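**Student:** Take a look at work03.txt, compact mmCIF, C-alpha atoms:
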# COMPACT_ATOMS: atom_id res chain seq x y z
CA MET A 397 100.54 60.53 131.04
CA ARG A 398 101.04 59.25 134.54
CA PRO A 399 98.61 61.03 136.87
CA SER A 400 100.43 63.81 138.72
CA TRP A 401 98.66 63.04 141.97
CA LEU A 402 100.62 59.80 142.31
CA ARG A 403 104.04 59.73 143.86
CA ARG A 404 106.15 57.03 145.47
CA THR A 405 107.41 57.95 148.91
CA GLU A 406 109.88 55.10 149.20
CA GLY A 407 112.99 54.17 147.17
CA VAL A 408 113.17 52.78 143.65
CA GLU A 409 111.07 49.69 143.14
CA ILE A 410 111.35 47.16 140.32
CA VAL A 411 107.92 45.76 139.45
CA LEU A 412 107.29 42.72 137.27
CA GLY A 413 103.80 42.69 135.72
CA ILE A 414 102.41 39.52 134.17
CA ASP A 415 99.43 38.73 131.96
CA PRO A 416 99.23 34.91 132.29
CA GLY A 417 98.28 32.52 129.53
CA THR A 418 99.06 28.93 128.63
CA ALA A 419 99.83 29.85 125.00
CA VAL A 420 101.17 33.39 125.50
CA THR A 421 102.22 35.00 128.79
CA GLY A 422 102.98 38.69 128.52
CA TYR A 423 105.31 40.48 130.93
CA GLY A 424 106.67 43.90 131.61
CA VAL A 425 109.42 45.01 133.98
CA VAL A 426 109.36 48.62 135.12
CA SER A 427 111.39 50.76 137.47
CA HIS A 428 109.22 52.90 139.73
CA ARG A 429 111.42 55.75 140.88
CA ASP A 430 111.53 58.04 143.89
CA ASP A 431 110.38 61.03 141.84
CA GLY A 432 107.24 59.12 140.84
CA SER A 433 108.36 58.39 137.30
CA VAL A 434 108.06 54.93 135.84
CA VAL A 435 110.56 53.60 133.28
CA LEU A 436 110.19 50.49 131.16
CA LEU A 437 113.14 48.12 131.56
CA GLU A 438 111.93 45.24 129.40
CA CYS A 439 108.79 43.64 128.07
CA GLY A 440 107.99 40.60 126.00
CA VAL A 441 106.12 37.33 125.85
CA ILE A 442 106.71 33.70 126.73
CA ARG A 443 105.14 31.55 124.03
CA THR A 444 104.42 27.85 124.27
CA SER A 445 103.29 25.56 121.48
CA SER A 446 99.87 23.93 121.63
CA GLY A 447 101.56 20.83 120.18
CA GLN A 448 103.56 20.34 123.39
CA PRO A 449 102.26 18.31 126.35
CA LEU A 450 100.71 20.52 129.05
CA PRO A 451 103.41 19.79 131.69
CA ASP A 452 106.10 20.95 129.25
CA ARG A 453 104.21 24.14 128.51
CA ILE A 454 103.79 24.87 132.22
CA ARG A 455 107.49 24.24 132.77
CA GLU A 456 108.38 26.73 130.03
CA VAL A 457 106.19 29.41 131.59
CA PHE A 458 107.70 28.71 135.02
CA ILE A 459 111.30 28.77 133.79
CA GLY A 460 110.62 31.89 131.71
CA ILE A 461 109.27 33.81 134.70
CA ARG A 462 111.98 32.46 137.00
CA ASP A 463 114.64 33.72 134.57
CA ILE A 464 113.07 37.19 134.44
CA ILE A 465 113.00 37.29 138.25
CA ASP A 466 116.65 36.20 138.34
CA ARG A 467 117.69 38.93 135.91
CA PHE A 468 115.73 41.88 137.28
CA LYS A 469 115.25 40.91 140.94
CA PRO A 470 111.90 42.71 141.23
CA SER A 471 110.70 43.69 144.69
CA SER A 472 107.12 42.84 143.80
CA VAL A 473 105.13 40.95 141.21
CA ALA A 474 101.72 41.97 139.86
CA VAL A 475 99.62 39.32 138.12
CA GLU A 476 96.46 39.81 136.11
CA ASP A 477 93.55 38.08 137.75
CA VAL A 478 91.03 36.11 135.83
CA PHE A 479 87.99 37.23 133.96
CA GLN A 480 85.19 35.33 135.66
CA GLY A 481 83.12 34.86 132.54
CA LYS A 482 85.57 32.49 130.88
CA ASN A 483 84.44 28.93 130.31
CA VAL A 484 85.57 26.02 132.45
CA ARG A 485 88.12 24.71 129.96
CA SER A 486 89.77 28.14 129.54
CA ALA A 487 89.73 28.74 133.29
CA LEU A 488 91.38 25.39 133.97
CA SER A 489 94.06 25.95 131.35
CA LEU A 490 94.73 29.47 132.56
CA GLY A 491 94.82 28.19 136.15
CA HIS A 492 97.70 25.87 135.27
CA ALA A 493 99.76 28.74 133.84
CA ARG A 494 98.88 31.08 136.72
CA GLY A 495 99.84 28.36 139.20
CA ALA A 496 103.30 28.12 137.63
CA ILE A 497 103.69 31.92 137.64
CA LEU A 498 102.56 32.42 141.24
CA LEU A 499 104.86 29.57 142.24
CA ALA A 500 107.88 31.14 140.53
CA ALA A 501 107.28 34.32 142.56
CA ALA A 502 106.34 32.53 145.80
CA LEU A 503 109.50 30.38 145.74
CA GLN A 504 111.46 33.67 145.82
CA ASP A 505 109.28 35.00 148.67
CA LEU A 506 108.19 37.93 146.52
CA PRO A 507 105.01 39.77 147.42
CA ILE A 508 102.33 39.13 144.80
CA ALA A 509 99.50 41.53 143.96
CA GLU A 510 96.58 40.45 141.80
CA TYR A 511 94.48 42.83 139.71
CA SER A 512 91.41 42.15 137.61
CA PRO A 513 91.58 43.07 133.90
CA ARG A 514 88.95 45.70 134.64
CA ALA A 515 90.96 47.27 137.45
CA ILE A 516 94.08 47.36 135.26
CA LYS A 517 92.22 49.10 132.39
CA LYS A 518 90.49 51.49 134.77
CA THR A 519 93.79 52.46 136.43
CA VAL A 520 95.95 52.68 133.29
CA VAL A 521 93.44 53.91 130.69
CA GLY A 522 90.71 55.45 132.84
CA THR A 523 87.93 53.11 131.78
CA GLY A 524 87.42 49.46 132.69
CA SER A 525 86.09 48.69 129.22
CA ALA A 526 89.17 49.91 127.31
CA THR A 527 90.15 48.11 124.12
CA LYS A 528 93.55 46.44 123.52
CA ASP A 529 94.53 49.38 121.31
CA GLN A 530 93.64 51.87 124.03
CA VAL A 531 95.70 49.93 126.57
CA GLY A 532 98.68 49.88 124.18
CA TYR A 533 98.32 53.60 123.51
CA MET A 534 98.15 54.57 127.19
CA VAL A 535 101.08 52.30 128.08
CA GLN A 536 103.03 54.11 125.35
CA ARG A 537 101.98 57.51 126.75
CA HIS A 538 102.69 56.72 130.41
CA LEU A 539 106.15 55.38 129.58
CA ARG A 540 106.97 57.90 126.83
CA LEU A 541 107.68 55.17 124.26
CA LYS A 542 107.87 55.67 120.50
CA ASN A 543 105.31 52.94 119.89
CA PRO A 544 102.99 50.77 121.95
CA PRO A 545 104.69 47.54 123.11
CA THR A 546 103.97 44.59 120.84
CA PRO A 547 102.47 42.08 120.83
CA ALA A 548 99.39 43.15 122.78
CA ASP A 549 100.09 40.54 125.49
CA ALA A 550 103.40 42.26 126.26
CA ALA A 551 101.53 45.58 126.55
CA ASP A 552 99.09 43.87 128.94
CA GLY A 553 102.01 42.70 131.08
CA VAL A 554 103.37 46.25 131.20
CA ALA A 555 99.89 47.60 131.98
CA THR A 556 99.67 45.20 134.92
CA ALA A 557 103.00 46.50 136.25
CA LEU A 558 101.88 50.12 135.72
CA CYS A 559 98.60 49.43 137.52
CA HIS A 560 100.55 48.18 140.53
CA CYS A 561 102.81 51.26 140.49
CA PHE A 562 99.82 53.60 140.33
CA VAL A 563 97.80 51.76 142.98
CA THR A 564 100.70 51.54 145.44
CA GLY A 565 101.91 55.08 144.72
CA THR A 566 101.10 57.67 147.34
CA PRO A 567 98.88 60.56 146.18
CA VAL A 568 100.28 64.09 146.71
CA ARG A 569 97.78 66.03 148.84
CA MET B 688 91.64 -8.35 143.57
CA ARG B 689 93.96 -7.23 140.84
CA PRO B 690 92.79 -8.69 137.51
CA SER B 691 94.89 -11.76 136.63
CA TRP B 692 95.06 -10.78 132.96
CA LEU B 693 97.41 -7.90 133.78
CA ARG B 694 101.13 -8.37 134.13
CA ARG B 695 104.11 -6.05 133.86
CA THR B 696 106.76 -7.26 131.46
CA GLU B 697 109.47 -4.84 132.58
CA GLY B 698 111.22 -4.31 135.92
CA VAL B 699 109.80 -2.89 139.12
CA GLU B 700 108.20 0.50 138.67
CA ILE B 701 107.41 3.04 141.37
CA VAL B 702 104.26 4.98 140.51
CA LEU B 703 103.10 8.16 142.23
CA GLY B 704 99.36 8.77 141.88
CA ILE B 705 97.89 12.18 142.67
CA ASP B 706 94.37 13.51 143.17
CA PRO B 707 94.94 17.29 142.94
CA GLY B 708 93.14 19.91 144.97
CA THR B 709 93.91 23.37 146.30
CA ALA B 710 92.66 22.48 149.78
CA VAL B 711 93.50 18.76 149.86
CA THR B 712 95.76 16.90 147.46
CA GLY B 713 95.72 13.12 147.92
CA TYR B 714 98.63 10.92 146.89
CA GLY B 715 99.61 7.30 146.81
CA VAL B 716 102.96 5.70 146.04
CA VAL B 717 102.93 2.08 144.86
CA SER B 718 105.51 -0.41 143.72
CA HIS B 719 104.46 -2.26 140.60
CA ARG B 720 106.49 -5.45 140.54
CA ASP B 721 107.70 -7.81 137.87
CA ASP B 722 105.29 -10.53 138.94
CA GLY B 723 102.38 -8.16 138.36
CA SER B 724 101.71 -7.48 142.03
CA VAL B 725 101.22 -3.95 143.31
CA VAL B 726 102.31 -2.94 146.83
CA LEU B 727 101.40 0.27 148.63
CA LEU B 728 104.49 2.14 149.84
CA GLU B 729 102.84 5.27 151.25
CA CYS B 730 99.74 7.35 150.92
CA GLY B 731 98.50 10.56 152.47
CA VAL B 732 97.31 14.08 151.83
CA ILE B 733 98.81 17.56 151.50
CA ARG B 734 96.48 20.03 153.17
CA THR B 735 96.54 23.79 152.76
CA SER B 736 94.55 26.32 154.72
CA SER B 737 91.95 28.47 152.98
CA GLY B 738 93.17 31.32 155.21
CA GLN B 739 96.52 31.38 153.41
CA PRO B 740 97.19 33.45 150.28
CA LEU B 741 96.84 31.40 147.09
CA PRO B 742 100.55 31.60 146.15
CA ASP B 743 101.49 30.14 149.55
CA ARG B 744 99.02 27.29 149.12
CA ILE B 745 100.37 26.51 145.66
CA ARG B 746 103.90 26.54 147.05
CA GLU B 747 102.92 24.05 149.76
CA VAL B 748 101.40 21.69 147.21
CA PHE B 749 104.50 22.00 145.00
CA ILE B 750 106.97 21.44 147.84
CA GLY B 751 104.88 18.55 149.18
CA ILE B 752 104.89 16.74 145.83
CA ARG B 753 108.54 17.56 145.22
CA ASP B 754 109.45 16.01 148.58
CA ILE B 755 107.52 12.82 147.79
CA ILE B 756 109.31 12.59 144.43
CA ASP B 757 112.65 13.12 146.19
CA ARG B 758 111.93 10.37 148.70
CA PHE B 759 110.47 7.70 146.41
CA LYS B 760 112.02 8.59 143.04
CA PRO B 761 109.01 7.32 141.07
CA SER B 762 109.54 6.40 137.43
CA SER B 763 106.16 7.82 136.47
CA VAL B 764 103.46 10.08 137.83
CA ALA B 765 99.72 9.65 137.30
CA VAL B 766 97.47 12.66 137.89
CA GLU B 767 93.70 12.74 138.07
CA ASP B 768 92.27 14.82 135.27
CA VAL B 769 89.47 17.23 135.80
CA PHE B 770 85.77 16.71 135.91
CA GLN B 771 84.52 18.96 133.12
CA GLY B 772 81.28 19.88 134.83
CA LYS B 773 82.93 21.94 137.55
CA ASN B 774 82.21 25.64 137.64
CA VAL B 775 84.69 28.25 136.47
CA ARG B 776 85.85 29.24 139.96
CA SER B 777 86.52 25.60 140.98
CA ALA B 778 88.23 24.86 137.68
CA LEU B 779 90.51 27.87 138.04
CA SER B 780 91.42 27.01 141.62
CA LEU B 781 92.05 23.37 140.73
CA GLY B 782 94.09 24.46 137.71
CA HIS B 783 96.49 26.34 140.01
CA ALA B 784 97.11 23.24 142.14
CA ARG B 785 97.41 20.96 139.09
CA GLY B 786 99.86 23.39 137.52
CA ALA B 787 102.10 23.15 140.59
CA ILE B 788 101.85 19.34 140.61
CA LEU B 789 102.57 18.89 136.91
CA LEU B 790 105.47 21.32 137.29
CA ALA B 791 106.99 19.36 140.21
CA ALA B 792 106.98 16.25 138.00
CA ALA B 793 108.04 18.02 134.79
CA LEU B 794 111.04 19.67 136.48
CA GLN B 795 112.28 16.13 137.24
CA ASP B 796 111.60 15.04 133.64
CA LEU B 797 109.17 12.39 134.85
CA PRO B 798 106.59 11.02 132.42
CA ILE B 799 103.11 12.17 133.42
CA ALA B 800 99.91 10.29 132.65
CA GLU B 801 96.50 11.89 133.15
CA TYR B 802 93.31 9.92 133.83
CA SER B 803 89.75 11.15 134.17
CA PRO B 804 87.94 10.36 137.44
CA ARG B 805 85.65 8.14 135.40
CA ALA B 806 88.52 6.17 133.86
CA ILE B 807 90.09 5.68 137.30
CA LYS B 808 86.83 4.36 138.80
CA LYS B 809 86.15 2.19 135.78
CA THR B 810 89.64 0.67 135.91
CA VAL B 811 89.90 0.21 139.68
CA VAL B 812 86.29 -0.51 140.65
CA GLY B 813 84.78 -1.69 137.38
CA THR B 814 82.24 1.10 137.05
CA GLY B 815 82.80 4.74 136.16
CA SER B 816 80.08 5.84 138.56
CA ALA B 817 81.60 4.23 141.68
CA THR B 818 81.13 5.98 145.03
CA LYS B 819 84.00 7.12 147.27
CA ASP B 820 83.31 4.14 149.55
CA GLN B 821 83.51 1.72 146.64
CA VAL B 822 86.82 3.23 145.53
CA GLY B 823 88.20 2.90 149.07
CA TYR B 824 87.00 -0.70 149.31
CA MET B 825 88.52 -1.75 145.98
CA VAL B 826 91.81 0.01 146.75
CA GLN B 827 91.87 -1.99 150.00
CA ARG B 828 91.14 -5.24 148.13
CA HIS B 829 93.65 -4.69 145.32
CA LEU B 830 96.44 -3.88 147.79
CA ARG B 831 95.39 -6.40 150.48
CA LEU B 832 95.17 -3.71 153.17
CA LYS B 833 93.42 -4.10 156.52
CA ASN B 834 91.34 -0.99 155.90
CA PRO B 835 90.68 1.44 153.08
CA PRO B 836 93.19 4.33 153.05
CA THR B 837 91.89 7.44 154.81
CA PRO B 838 90.99 10.16 154.18
CA ALA B 839 89.14 9.49 150.93
CA ASP B 840 91.48 11.86 149.04
CA ALA B 841 94.43 9.62 149.93
CA ALA B 842 92.48 6.62 148.61
CA ASP B 843 91.80 8.59 145.41
CA GLY B 844 95.54 9.22 145.02
CA VAL B 845 96.23 5.50 145.44
CA ALA B 846 93.42 4.67 143.00
CA THR B 847 95.05 6.96 140.43
CA ALA B 848 98.37 5.13 140.85
CA LEU B 849 96.59 1.75 140.60
CA CYS B 850 94.76 2.86 137.47
CA HIS B 851 98.11 3.70 135.86
CA CYS B 852 99.56 0.30 136.86
CA PHE B 853 96.57 -1.53 135.42
CA VAL B 854 96.41 0.49 132.22
CA THR B 855 100.15 0.20 131.51
CA GLY B 856 100.33 -3.45 132.58
CA THR B 857 100.58 -5.95 129.78
CA PRO B 858 97.71 -8.45 129.54
CA VAL B 859 98.67 -12.12 129.71
CA ARG B 860 97.39 -13.72 126.52
Would it be possible to restate this file's structure as structure tokens?
**Tutor:**
Amino acid sequence: MRPSWLRRTEGVEIVLGIDPGTAVTGYGVVSHRDDGSVVLLECGVIRTSSGQPLPDRIREVFIGIRDIIDRFKPSSVAVEDVFQGKNVRSALSLGHARGAILLAAALQDLPIAEYSPRAIKKTVVGTGSATKDQVGYMVQRHLRLKNPPTPADAADGVATALCHCFVTGTPVR
Amino acid sequence: MRPSWLRRTEGVEIVLGIDPGTAVTGYGVVSHRDDGSVVLLECGVIRTSSGQPLPDRIREVFIGIRDIIDRFKPSSVAVEDVFQGKNVRSALSLGHARGAILLAAALQDLPIAEYSPRAIKKTVVGTGSATKDQVGYMVQRHLRLKNPPTPADAADGVATALCHCFVTGTPVR
């Protein structure tokens, strides 16, 4: 459940959370309401084929995110930051996808918040070392869904959006 | 001088060469003519400040490249590929800038060629271990300029364009 000590003091905010990847980018769009509740509007993944040239894959990620922004008009975008231990090749590939995602948001002048995977797990699950299943389960609980979002990358996108809602929410004293 | 065994068999081609970087992106635009000659049209750098948020820097690189494409309408884009030995942080940062550059070209449906730094030096200078000064000198010689392009990143952008011209040129048998 969403911690009771968190409450938004401003109006409704639409938050787009993104877990970037060159092959699979997960996203979740949530509505963060005045009463502190958070409602899932949509989640899913943008998949690109490893058989495609890299520029085409980047374009698909960019256009996918741009379309989601067009449809939901979020007031802020939260993007998962990068795990530092990844190897150079993974980091470079991920950098390309993240560049396209940050650009899609920046071209719309949207504020962008970045959270480490550890911070997202800590905020949403309570422990920075949570498993994928635990993240899915807590996303389901927080949003009162029948099942965890699938695939796991979509749940990670939603978790990123939730993390932003919880971090920017104002605690009730 | 440009090797005499290379000659284009098709019409004039405008090539945009790019040496990507988050802080400094170098570029060179050349005209590759029917008679095999290559003429420098423009070169320069896109600089971004490390004090700016990353999304803003990526946007500047993207808009800078997009504007060059708009002005020169190149028929192909050549982008320097990445040195594999870089550390994870550098690779990630560079990946963001490269993502924005590839995207600017892909959104215009331009063919994109990627060359390793070693291939560019080997093709333009004759040795894959050439220094920055040697690259600048050979760029000057190939294009019959009074001086090497400055800064060195601009020369690297031009060298990338030259590499593409030489590699795609048809040898005279």
**Student:** Counting all atoms listed in the file, what are the residues of chain B within 10 Å of chain A, and for each of them which pair of atoms is the nearest and at what distance in Å, to one decimal? Sort the table by chain and rising number, as JSON lines.
**Tutor:**
{"residue": "B:Pro740", "atom": "CA", "partner": "A:Ile508", "partner_atom": "CA", "distance": 9.4}
{"residue": "B:Leu741", "atom": "CA", "partner": "A:Leu498", "partner_atom": "CA", "distance": 8.2}
{"residue": "B:Pro742", "atom": "CA", "partner": "A:Leu498", "partner_atom": "CA", "distance": 5.4}
{"residue": "B:Asp743", "atom": "CA", "partner": "A:Ala502", "partner_atom": "CA", "distance": 6.6}
{"residue": "B:Arg744", "atom": "CA", "partner": "A:Leu499", "partner_atom": "CA", "distance": 9.3}
{"residue": "B:Ile745", "atom": "CA", "partner": "A:Leu499", "partner_atom": "CA", "distance": 6.4}
{"residue": "B:Arg746", "atom": "CA", "partner": "A:Leu499", "partner_atom": "CA", "distance": 5.8}
{"residue": "B:Glu747", "atom": "CA", "partner": "A:Leu499", "partner_atom": "CA", "distance": 9.5}
{"residue": "B:Val748", "atom": "CA", "partner": "A:Leu499", "partner_atom": "CA", "distance": 9.9}
{"residue": "B:Phe749", "atom": "CA", "partner": "A:Leu499", "partner_atom": "CA", "distance": 8.1}
{"residue": "B:Ile750", "atom": "CA", "partner": "A:Leu503", "partner_atom": "CA", "distance": 9.5}
{"residue": "B:Val769", "atom": "CA", "partner": "A:Leu488", "partner_atom": "CA", "distance": 8.6}
{"residue": "B:Phe770", "atom": "CA", "partner": "A:Val484", "partner_atom": "CA", "distance": 9.9}
{"residue": "B:Gln771", "atom": "CA", "partner": "A:Val484", "partner_atom": "CA", "distance": 7.2}
{"residue": "B:Gly772", "atom": "CA", "partner": "A:Val484", "partner_atom": "CA", "distance": 7.9}
{"residue": "B:Lys773", "atom": "CA", "partner": "A:Val484", "partner_atom": "CA", "distance": 7.0}
{"residue": "B:Asn774", "atom": "CA", "partner": "A:Val484", "partner_atom": "CA", "distance": 6.2}
{"residue": "B:Val775", "atom": "CA", "partner": "A:Val484", "partner_atom": "CA", "distance": 4.7}
{"residue": "B:Arg776", "atom": "CA", "partner": "A:Gln480", "partner_atom": "CA", "distance": 7.5}
{"residue": "B:Ser777", "atom": "CA", "partner": "A:Leu488", "partner_atom": "CA", "distance": 8.5}
{"residue": "B:Ala778", "atom": "CA", "partner": "A:Leu488", "partner_atom": "CA", "distance": 4.9}
{"residue": "B:Leu779", "atom": "CA", "partner": "A:Gly491", "partner_atom": "CA", "distance": 4.7}
{"residue": "B:Ser780", "atom": "CA", "partner": "A:Gly491", "partner_atom": "CA", "distance": 6.5}
{"residue": "B:Leu781", "atom": "CA", "partner": "A:Leu488", "partner_atom": "CA", "distance": 7.1}
{"residue": "B:Gly782", "atom": "CA", "partner": "A:Gly491", "partner_atom": "CA", "distance": 4.1}
{"residue": "B:His783", "atom": "CA", "partner": "A:Gly495", "partner_atom": "CA", "distance": 4.0}
{"residue": "B:Ala784", "atom": "CA", "partner": "A:Gly495", "partner_atom": "CA", "distance": 6.5}
{"residue": "B:Arg785", "atom": "CA", "partner": "A:His492", "partner_atom": "CA", "distance": 6.2}
{"residue": "B:Gly786", "atom": "CA", "partner": "A:His492", "partner_atom": "CA", "distance": 4.0}
{"residue": "B:Ala787", "atom": "CA", "partner": "A:Gly495", "partner_atom": "CA", "distance": 5.8}
{"residue": "B:Ile788", "atom": "CA", "partner": "A:Pro451", "partner_atom": "CA", "distance": 9.1}
{"residue": "B:Leu789", "atom": "CA", "partner": "A:Pro451", "partner_atom": "CA", "distance": 5.4}
{"residue": "B:Leu790", "atom": "CA", "partner": "A:Arg455", "partner_atom": "CA", "distance": 5.7}
{"residue": "B:Ala791", "atom": "CA", "partner": "A:Arg455", "partner_atom": "CA", "distance": 8.9}
{"residue": "B:Ala792", "atom": "CA", "partner": "A:Pro451", "partner_atom": "CA", "distance": 8.1}
{"residue": "B:Ala793", "atom": "CA", "partner": "A:Pro451", "partner_atom": "CA", "distance": 5.8}
{"residue": "B:Leu794", "atom": "CA", "partner": "A:Arg455", "partner_atom": "CA", "distance": 6.9}
{"residue": "B:Asp796", "atom": "CA", "partner": "A:Asp452", "partner_atom": "CA", "distance": 9.2}
{"residue": "B:Leu797", "atom": "CA", "partner": "A:Pro451", "partner_atom": "CA", "distance": 9.9}
{"residue": "B:Pro798", "atom": "CA", "partner": "A:Pro451", "partner_atom": "CA", "distance": 9.4}
{"residue": "B:Ile799", "atom": "CA", "partner": "A:Pro451", "partner_atom": "CA", "distance": 7.8}
**Student:** So how far away is atom CA of B:Asp722 from atom CA of B:Thr837, in Å?
**Tutor:** 27.5 Å
**Student:** So what do you get for atom CA of B:Asp721 versus atom CA of B:Ile807, distance-wise?
**Tutor:**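 Interatomic distance, atom CA of B:Asp721 to atom CA of B:Ile807: 22.2 Å.
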**Student:** What is the distance between atom CA of B:Leu830 and atom CA of B:Ile755, in Å to one decimal?
**Tutor:** 20.0 Å
**Student:** Given all atoms listed in the file as the basis, pick out the residue of B:Arg758, B:Arg753, B:Lys808, B:His829 nearest to B:Gly723.
**Tutor:**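 Among the listed residues, the smallest separation from B:Gly723 belongs to B:His829.
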